[in-house]
Amino acid sequence: MSSEKIEIPEDMQSSLVPEILSLDSKINFRCHKNISCYNQCCKQADITLTAYDIVRMKQHFGIDSSEFLKKYTVPFEMDSHGTPGVKMRTDDNSVCIHMTEEGCGIYENRPSACRYYGLGVMSRRDQGSSEDYYVYFRNKEDICKGWDEEDAETTVAEYRKDQGLEVYDEYNREWMQLILKKKSAGYSIGKPSEMSMQLFFMASYDLDRFKRFITSPAFSKVYLLKEEELEKITSNDVELMIFGYIFMRHVLFGEESIPMVENAYEKRYEERKEIIEMRRKVEIAEYEKKQEELKREALRIDEERLDDGHDADSCHGDSCKT
Ligand code: SF4
Ligand code: SF4
């Protein structure tokens with residue numbers, strides 16, 4: 001039976017189900033310096049950062065990505081697989097460390113989540129389709145008075161434009177697709193390894209480290225990048241970030257989009273054979289040791305049970321009665 005055939009009485013319908021908005025949807029929202037809630041949203045900041053957010057902010061401060069991450073972010077796990085994420089650092093009272101009395105201290109390079117505060121955005125993919133698209137909904141937090149402003153009619157498209165979100169959405173899109181893909185299909189080989197997590201973190205957030213990696217001998221032993229291509233990627237943070245997306249698809253999902261040195265894995269195995277063999281032996285020895293311990297523990301429990309049984313069976317006399 002289709003759900004459309006069921007009618008839910010109006011007084012039982014939840015106002016919490018978000019109304020999905022498109023780019024043309026009309027909304028009534030305005031945020032400005034003289035509003036009573038000015039800065040309130042930055043005093044309860046829970047800002048998840050995207051790859052492009054970090055590019056913009058590290059450029060704002062003119063620092064290396066590793067230094068940026070250390071100084072301004074905190075790590076967290078984005079899902080049950082432990083996919084690494086980073087959030088904007090706050091003080092002990094959840095106030096964003098970039099907030100000033102005059103407003104946002106990094107306004108022109110503030111993250112996409114801050115720009116979207118009044119609206120919620122979701123990446124959605126219809127069943128059977130490989131294309132995803134953004135949908136929007138009103139994010140009416142109690143503290144936010146922007147929704148109560150008079151004569152503040154605009155559209156979702158205008159809101160995005162005013163907030164400078166078009167470029168953010170363009171660059172965040174593929175990164176969000178990677179995360180969606182991971183959620184819907186999983187990694188190509190079961191639970192992601194520690195190394196996959198390291199790669200995801202480096203190519204998503206720590207781009208200067210990623211740059212050092214792709215210019216290292218370890219990388220060129222496996223992947224073939226033309227000199228001019230490498231130059232283009234390493235001289236521009238956005239190009240580097242986009243290459244990071246391609247690299248993650250290649251490594252995490254087996255989409256072989258980067259040309260590889262012939263028999264690279266075999267050659268690498270030959271070079272590292274002794275180390276790999278040694279690691280394998282250590283792993284086997286650890287596994288066998290664990291099995292032995294488990295066997296001993298099982299035997300010990302059996303013996304204890306036997307002892308208890310023996311005592312109970314042999315105890316028929318009055319002296320055993322309590
Ligand atoms: S980055 Fe700026 S806009 Fe975003 S929470 Fe911090 S102070 Fe507010
Ligand atoms: S709470 Fe809403 S209206 Fe107030 S400053 Fe933040 S985004 Fe603007």
# chains A, B, ... in the order shown; residues from 1 in each chain; ligands from 1
>>> closest_atom_pairs(of="chain A", to="ligand 2", cutoff="6 Å", atoms="only C-alpha atoms and all ligand atoms", output="CSV")
residue,atom,partner,partner_atom_place_in_ligand_line,distance
A:Cys31,CA,ligand 2,8 (Fe),4.0
A:Cys37,CA,ligand 2,4 (Fe),4.1
A:Tyr38,CA,ligand 2,5 (S),3.8
A:Asn39,CA,ligand 2,5 (S),4.8
A:Gln40,CA,ligand 2,1 (S),5.1
A:Cys41,CA,ligand 2,6 (Fe),4.4
A:Tyr117,CA,ligand 2,7 (S),5.6
A:Gly118,CA,ligand 2,7 (S),5.8
A:Ile143,CA,ligand 2,1 (S),5.6
A:Cys144,CA,ligand 2,1 (S),3.6
A:Lys145,CA,ligand 2,3 (S),4.9
A:Gly146,CA,ligand 2,3 (S),3.8
>>> write_last_selection(atoms="C-alpha atoms", output="short mmCIF file (atom, residue, chain, number, x, y, z; two decimals), in the first residue's frame")
data_model
loop_
_atom_site.label_atom_id
_atom_site.label_comp_id
_atom_site.auth_asym_id
_atom_site.auth_seq_id
_atom_site.Cartn_x
_atom_site.Cartn_y
_atom_site.Cartn_z
CA CYS A 31 21.20 38.41 8.95
CA CYS A 37 21.04 37.77 17.94
CA TYR A 38 24.24 39.09 16.34
CA ASN A 39 27.13 36.66 17.01
CA GLN A 40 24.88 34.25 18.97
CA CYS A 41 25.40 31.46 16.40
CA TYR A 117 23.74 28.77 8.99
CA GLY A 118 20.20 29.90 8.12
CA ILE A 143 18.56 31.67 18.85
CA CYS A 144 18.42 32.86 15.22
CA LYS A 145 16.13 35.85 14.68
CA GLY A 146 17.00 36.15 11.00
#
>>> residues_around(residues="stretch 130-135 of chain A", least_positions_apart="5", cutoff="12 Å", atoms="only C-alpha atoms", output="PDB file with N, CA and C atoms, in the first residue's frame")
ATOM      1  N   PRO A  18      11.406  18.561   7.787  1.00  0.00           N
ATOM      2  CA  PRO A  18      11.794  19.746   7.024  1.00  0.00           C
ATOM      3  C   PRO A  18      11.130  19.799   5.656  1.00  0.00           C
ATOM      4  N   GLU A  19      10.741  21.031   5.274  1.00  0.00           N
ATOM      5  CA  GLU A  19      10.199  21.219   3.930  1.00  0.00           C
ATOM      6  C   GLU A  19      11.392  21.351   2.990  1.00  0.00           C
ATOM      7  N   ILE A  20      11.441  20.476   1.986  1.00  0.00           N
ATOM      8  CA  ILE A  20      12.581  20.497   1.065  1.00  0.00           C
ATOM      9  C   ILE A  20      12.447  21.687   0.111  1.00  0.00           C
ATOM     10  N   LEU A  21      13.524  22.453   0.005  1.00  0.00           N
ATOM     11  CA  LEU A  21      13.513  23.650  -0.835  1.00  0.00           C
ATOM     12  C   LEU A  21      14.425  23.456  -2.048  1.00  0.00           C
ATOM     13  N   SER A  22      14.058  24.147  -3.129  1.00  0.00           N
ATOM     14  CA  SER A  22      14.933  24.133  -4.304  1.00  0.00           C
ATOM     15  C   SER A  22      15.579  25.519  -4.430  1.00  0.00           C
ATOM     16  N   LEU A  23      16.409  25.707  -5.442  1.00  0.00           N
ATOM     17  CA  LEU A  23      17.082  27.003  -5.613  1.00  0.00           C
ATOM     18  C   LEU A  23      16.086  28.146  -5.800  1.00  0.00           C
ATOM     19  N   ASP A  24      14.930  27.844  -6.418  1.00  0.00           N
ATOM     20  CA  ASP A  24      13.949  28.904  -6.680  1.00  0.00           C
ATOM     21  C   ASP A  24      13.004  29.171  -5.512  1.00  0.00           C
ATOM     22  N   SER A  25      13.069  28.337  -4.481  1.00  0.00           N
ATOM     23  CA  SER A  25      12.124  28.514  -3.359  1.00  0.00           C
ATOM     24  C   SER A  25      12.317  29.870  -2.697  1.00  0.00           C
ATOM     25  N   LEU A 119      20.255  28.153   6.480  1.00  0.00           N
ATOM     26  CA  LEU A 119      19.693  27.071   5.660  1.00  0.00           C
ATOM     27  C   LEU A 119      20.417  25.766   5.951  1.00  0.00           C
ATOM     28  N   GLY A 120      19.698  24.665   5.825  1.00  0.00           N
ATOM     29  CA  GLY A 120      20.352  23.373   5.882  1.00  0.00           C
ATOM     30  C   GLY A 120      20.541  22.904   4.447  1.00  0.00           C
ATOM     31  N   VAL A 121      21.576  22.131   4.205  1.00  0.00           N
ATOM     32  CA  VAL A 121      21.808  21.613   2.856  1.00  0.00           C
ATOM     33  C   VAL A 121      22.151  20.128   2.948  1.00  0.00           C
ATOM     34  N   MET A 122      21.644  19.361   2.002  1.00  0.00           N
ATOM     35  CA  MET A 122      21.931  17.922   1.983  1.00  0.00           C
ATOM     36  C   MET A 122      22.265  17.514   0.564  1.00  0.00           C
ATOM     37  N   SER A 123      23.176  16.574   0.429  1.00  0.00           N
ATOM     38  CA  SER A 123      23.462  15.998  -0.875  1.00  0.00           C
ATOM     39  C   SER A 123      22.572  14.771  -0.996  1.00  0.00           C
ATOM     40  N   ARG A 124      21.852  14.677  -2.115  1.00  0.00           N
ATOM     41  CA  ARG A 124      20.879  13.595  -2.236  1.00  0.00           C
ATOM     42  C   ARG A 124      21.075  12.861  -3.563  1.00  0.00           C
ATOM     43  N   ARG A 125      20.826  11.542  -3.561  1.00  0.00           N
ATOM     44  CA  ARG A 125      20.913  10.776  -4.807  1.00  0.00           C
ATOM     45  C   ARG A 125      19.666   9.918  -4.933  1.00  0.00           C
ATOM     46  N   VAL A 156      16.457  30.862  -2.318  1.00  0.00           N
ATOM     47  CA  VAL A 156      17.610  30.047  -1.895  1.00  0.00           C
ATOM     48  C   VAL A 156      18.815  30.403  -2.772  1.00  0.00           C
ATOM     49  N   ALA A 157      18.578  30.580  -4.081  1.00  0.00           N
ATOM     50  CA  ALA A 157      19.689  30.893  -5.001  1.00  0.00           C
ATOM     51  C   ALA A 157      20.341  32.222  -4.620  1.00  0.00           C
ATOM     52  N   GLU A 166      28.496  29.705  -3.889  1.00  0.00           N
ATOM     53  CA  GLU A 166      28.538  28.965  -5.159  1.00  0.00           C
ATOM     54  C   GLU A 166      29.876  28.260  -5.348  1.00  0.00           C
ATOM     55  N   ASP A 169      30.235  25.363  -2.841  1.00  0.00           N
ATOM     56  CA  ASP A 169      29.447  24.177  -3.227  1.00  0.00           C
ATOM     57  C   ASP A 169      30.121  23.420  -4.361  1.00  0.00           C
ATOM     58  N   GLU A 170      30.669  24.187  -5.310  1.00  0.00           N
ATOM     59  CA  GLU A 170      31.320  23.538  -6.458  1.00  0.00           C
ATOM     60  C   GLU A 170      32.472  22.645  -5.990  1.00  0.00           C
ATOM     61  N   ASN A 172      33.107  21.621  -2.804  1.00  0.00           N
ATOM     62  CA  ASN A 172      32.765  20.653  -1.743  1.00  0.00           C
ATOM     63  C   ASN A 172      32.023  19.446  -2.299  1.00  0.00           C
ATOM     64  N   ARG A 173      31.395  19.666  -3.470  1.00  0.00           N
ATOM     65  CA  ARG A 173      30.514  18.653  -4.020  1.00  0.00           C
ATOM     66  C   ARG A 173      31.213  17.286  -4.148  1.00  0.00           C
ATOM     67  N   GLU A 174      32.384  17.295  -4.795  1.00  0.00           N
ATOM     68  CA  GLU A 174      33.024  16.010  -5.054  1.00  0.00           C
ATOM     69  C   GLU A 174      33.497  15.343  -3.763  1.00  0.00           C
ATOM     70  N   MET A 176      31.992  15.664  -0.873  1.00  0.00           N
ATOM     71  CA  MET A 176      30.799  15.090  -0.239  1.00  0.00           C
ATOM     72  C   MET A 176      30.377  13.806  -0.962  1.00  0.00           C
ATOM     73  N   GLN A 177      30.589  13.787  -2.295  1.00  0.00           N
ATOM     74  CA  GLN A 177      30.261  12.562  -3.047  1.00  0.00           C
ATOM     75  C   GLN A 177      31.120  11.395  -2.570  1.00  0.00           C
ATOM     76  N   LEU A 178      32.385  11.685  -2.289  1.00  0.00           N
ATOM     77  CA  LEU A 178      33.292  10.646  -1.792  1.00  0.00           C
ATOM     78  C   LEU A 178      32.760  10.053  -0.488  1.00  0.00           C
ATOM     79  N   LEU A 180      29.611  10.227   0.574  1.00  0.00           N
ATOM     80  CA  LEU A 180      28.351   9.526   0.272  1.00  0.00           C
ATOM     81  C   LEU A 180      28.635   8.136  -0.282  1.00  0.00           C
ATOM     82  N   LYS A 181      29.602   8.082  -1.195  1.00  0.00           N
ATOM     83  CA  LYS A 181      29.957   6.814  -1.839  1.00  0.00           C
ATOM     84  C   LYS A 181      30.440   5.808  -0.798  1.00  0.00           C
ATOM     85  N   SER A 184      27.364   4.556   1.049  1.00  0.00           N
ATOM     86  CA  SER A 184      26.439   3.668   0.350  1.00  0.00           C
ATOM     87  C   SER A 184      27.100   2.389  -0.150  1.00  0.00           C
TER      88      SER A 184
END
>>> residues_near_ligand(ligand="ligand 1", cutoff="9 Å", atoms="only C-alpha atoms and all ligand atoms", output="ChimeraX atom specification")
/A:39-47,88-90,95-100,103-107,109-115,117
>>> closest_residue(among="A:Ile63, A:Ala51, A:Ile276, A:Leu69", to="A:Phe243", atoms="only C-alpha atoms")
A:Ala51
>>> atom_distance(atom1="atom CA of A:Glu293", atom2="atom CA of A:Lys281")
18.2 Å
>>> select_by_dssp(residues="stretch 55-237 of chain A", states="helix (DSSP H, G or I)", output="ChimeraX atom specification")
/A:55-61,65-72,107-109,112-115,146-148,156-162,165-185,194-204,207-214,217-220,227-234,237
>>> atom_distance(atom1="atom CA of A:Asn28", atom2="atom CA of A:Pro9")
27.6 Å
>>> closest_residue(among="A:Gln291, A:Ile35, A:Ile54, A:Ile246", to="A:Glu149", atoms="only C-alpha atoms")
A:Ile35
>>> closest_residue(among="A:Tyr136, A:Asp308, A:Lys33, A:Lys290", to="A:Arg160", atoms="only C-alpha atoms")
A:Tyr136
>>> residues_around(residues="A:Val238", least_positions_apart="2", cutoff="9 Å", atoms="only C-alpha atoms", output="ChimeraX atom specification")
/A:52,55,171,233,236,240-243
>>> select_by_dssp(residues="stretch 10-174 of chain A", states="strand (DSSP E or B)", output="MDAnalysis selection string")
chainID A and resid 21 26:28 48 73:77 84:88 90 96 99:100 103:104 119:125 132:138 153:155
>>> atom_distance(atom1="atom CA of A:Thr83", atom2="atom CA of A:Ser196")
9.2 Å
>>> residues_around(residues="A:Glu194", least_positions_apart="5", cutoff="12 Å", atoms="only C-alpha atoms", output="VMD selection string")
chain A and resid 81 to 84 199 to 201 252
>>> write_last_selection(atoms="N, CA and C atoms", output="short mmCIF file (atom, residue, chain, number, x, y, z; two decimals), in the first residue's frame")
data_model
loop_
_atom_site.label_atom_id
_atom_site.label_comp_id
_atom_site.auth_asym_id
_atom_site.auth_seq_id
_atom_site.Cartn_x
_atom_site.Cartn_y
_atom_site.Cartn_z
N HIS A 81 32.80 3.85 10.81
CA HIS A 81 34.06 3.29 10.31
C HIS A 81 35.27 4.07 10.83
N GLY A 82 34.97 5.19 11.48
CA GLY A 82 36.07 6.01 12.00
C GLY A 82 36.66 6.93 10.96
N THR A 83 35.89 7.27 9.91
CA THR A 83 36.39 8.21 8.89
C THR A 83 36.74 9.53 9.57
N PRO A 84 37.99 9.99 9.39
CA PRO A 84 38.38 11.19 10.14
C PRO A 84 37.76 12.48 9.63
N LEU A 199 45.43 8.26 4.46
CA LEU A 199 45.37 8.87 3.13
C LEU A 199 44.20 9.83 3.01
N PHE A 200 43.05 9.42 3.55
CA PHE A 200 41.86 10.28 3.50
C PHE A 200 42.13 11.59 4.23
N PHE A 201 42.74 11.48 5.40
CA PHE A 201 43.01 12.68 6.20
C PHE A 201 43.98 13.60 5.46
N LEU A 252 40.93 4.49 -2.56
CA LEU A 252 39.92 3.96 -1.65
C LEU A 252 38.86 3.12 -2.36
#
>>> closest_residue(among="A:Leu207, A:Glu7, A:Asp92, A:Lys182", to="A:Ser80", atoms="only C-alpha atoms")
A:Lys182
>>> decode(residues="stretch 39-99 of chain A", atoms="C-alpha atoms", output="compact mmCIF listing (two decimals), in the first residue's frame")
# COMPACT_ATOMS: atom_id res chain seq x y z
CA ASN A 39 27.13 36.66 17.01
CA GLN A 40 24.88 34.25 18.97
CA CYS A 41 25.40 31.46 16.40
CA CYS A 42 29.20 31.80 16.80
CA LYS A 43 28.84 31.34 20.58
CA GLN A 44 27.55 27.79 20.11
CA ALA A 45 29.79 26.80 17.25
CA ASP A 46 29.90 23.20 16.03
CA ILE A 47 31.50 23.63 12.63
CA THR A 48 32.55 20.62 10.58
CA LEU A 49 35.16 21.66 8.04
CA THR A 50 35.44 20.58 4.42
CA ALA A 51 38.58 20.25 2.30
CA TYR A 52 37.91 23.60 0.56
CA ASP A 53 37.19 25.38 3.88
CA ILE A 54 40.69 24.45 4.99
CA VAL A 55 42.27 25.67 1.74
CA ARG A 56 40.60 29.07 2.19
CA MET A 57 41.45 29.42 5.86
CA LYS A 58 45.07 28.30 5.65
CA GLN A 59 45.51 30.84 2.83
CA HIS A 60 43.81 33.47 5.01
CA PHE A 61 46.39 32.93 7.73
CA GLY A 62 49.23 32.30 5.26
CA ILE A 63 50.28 29.12 7.05
CA ASP A 64 50.98 25.49 6.26
CA SER A 65 48.00 23.07 6.45
CA SER A 66 49.62 21.03 9.26
CA GLU A 67 50.07 24.17 11.35
CA PHE A 68 46.50 25.27 10.57
CA LEU A 69 45.09 21.91 11.69
CA LYS A 70 47.09 21.96 14.90
CA LYS A 71 46.19 25.53 15.82
CA TYR A 72 42.59 25.88 14.72
CA THR A 73 40.90 22.47 14.56
CA VAL A 74 39.97 19.40 16.60
CA PRO A 75 39.65 15.91 15.12
CA PHE A 76 36.54 13.73 15.34
CA GLU A 77 35.18 10.56 13.71
CA MET A 78 32.57 11.18 11.00
CA ASP A 79 31.01 7.71 11.05
CA SER A 80 31.12 4.25 12.57
CA HIS A 81 34.06 3.29 10.31
CA GLY A 82 36.07 6.01 12.00
CA THR A 83 36.39 8.21 8.89
CA PRO A 84 38.38 11.19 10.14
CA GLY A 85 36.80 14.63 10.25
CA VAL A 86 37.89 17.97 11.65
CA LYS A 87 35.92 20.66 13.42
CA MET A 88 36.68 24.28 14.10
CA ARG A 89 38.28 24.75 17.50
CA THR A 90 36.20 26.57 20.13
CA ASP A 91 36.98 27.77 23.64
CA ASP A 92 35.74 25.83 26.69
CA ASN A 93 32.33 27.53 26.38
CA SER A 94 31.83 26.48 22.73
CA VAL A 95 32.58 29.99 21.45
CA CYS A 96 34.34 29.92 18.08
CA ILE A 97 37.92 31.11 18.45
CA HIS A 98 37.52 33.42 15.43
CA MET A 99 34.62 35.37 16.93
